[in-house]
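A.B. asks: Questions regarding the structure given below will be posed in turn.
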Amino acid sequence: MNYNLLTYSIYLPIIFFIMIKIGWLFYTHGEIYLIHLFQKNTQLVKNINNILLIGYYLTNLGYAIFSIAYWEQLNSIIQIINSLSYRLGIIILGLAILHYNNVFWLTFLIKSKSIHHGKF
């Protein structure tokens with residue numbers, strides 16, 4: 001039995017679910033946060049939110065392709081579970097770090113701009 005094909009068939013639906021569902025949650029709920037940060041400048045918020053969503057999708061897609069291209073040969077169910085846990089854990093942690101990094105820098109830039117120039 002080819003364990004790699006089995007692993008890919010488990011991995012791909014999970015990564016696509018993470019990509020679509022979590023991306024859409026970030027997009028919809030992040031818009032409220034961005035509207036507050038940018039003082040209701042809806043056009044700017046829409047543009048920034050679209051750029052963040054595209055970056056999110058490209059990051060996920062790139063990681064999924066990269067991880068499948070360099071997946072080691074699997075020979076047991078234990079290796080499948082370990083490999084899936086590791087690869088999915090890496091993408092989830094990486095996305096969390098990127099998300100909080102975006103929130104930090106957007107907040108920092110807005111606050112520093114409002115301190116130095118009055119209002120945004």
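Chain identifiers are assigned as A, B, and so on, following the order in which chains appear in the structure tokens; residues are numbered from 1 within each chain, and ligands are numbered from 1 in order of appearance.
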For Ile14 (chain A), list every protein, DNA or RNA residue within 12 Å, evaluated using only C-alpha atoms, and leave out those in the same chain fewer than 2 positions away; present the list as a list in words.

C.D. replies: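 The neighbour list is Thr7, Tyr8, Ser9, Ile10, Tyr11, Leu12, Phe16, Phe17, Ile18, Met19, Ile20, Lys21, Ile22, Asn60, Ala64, Leu84, Ser85, Arg87, Leu88, Gly89, Ile91 and Ile92 of chain A.
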
A.B. asks: Nearest to Tyr56 (chain A): which of A:Tyr100, A:Phe26, A:Phe108, A:Tyr86 is it, counting only C-alpha atoms?

C.D. replies: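 Checking each of A:Tyr100, A:Phe26, A:Phe108, A:Tyr86 against Tyr56 (chain A), counting only C-alpha atoms, the winner is A:Phe26.
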
A.B. asks: Separation of CA of Asn50 (chain A) and CA of Tyr27 (chain A), in Å?

C.D. replies: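 Going from CA of Asn50 (chain A) over to CA of Tyr27 (chain A) covers 7.8 Å.
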
A.B. asks: Give the answer as one residue: which of A:Leu95, A:Leu5, A:Leu109, A:Leu25 has the shortest atom-to-atom distance to Thr59 (chain A), using only C-alpha atoms?

C.D. replies: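 Nearest to Thr59 (chain A): A:Leu95.
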
A.B. asks: Counting only C-alpha atoms, which residue out of A:Ala69, A:Ile97, A:Leu106, A:Leu52 sits closest to Phe38 (chain A)?

C.D. replies: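 So, comparing all the options, the nearest one is A:Leu106.
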
A.B. asks: Measuring between only C-alpha atoms, which one of A:Ile15, A:Val45, A:Tyr3, A:Tyr33 shows the shortest distance to Phe104 (chain A)?

C.D. replies: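 Among A:Ile15, A:Val45, A:Tyr3, A:Tyr33, it is A:Tyr33 that comes nearest to Phe104 (chain A).
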
A.B. asks: Calculated over only C-alpha atoms, which of the candidates A:Leu37, A:Leu6, A:Ile65, A:Ile51 has the smallest distance to Trp105 (chain A)?

C.D. replies: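 Looking only at the distances to Trp105 (chain A), the closest residue turns out to be A:Leu37.
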
A.B. asks: Looking only at the backbone, which of the residues in chain A does DSSP tag as alpha helix (DSSP H), as a ChimeraX atom specification?

C.D. replies: /A:3-17,23-37,42-69,77-117
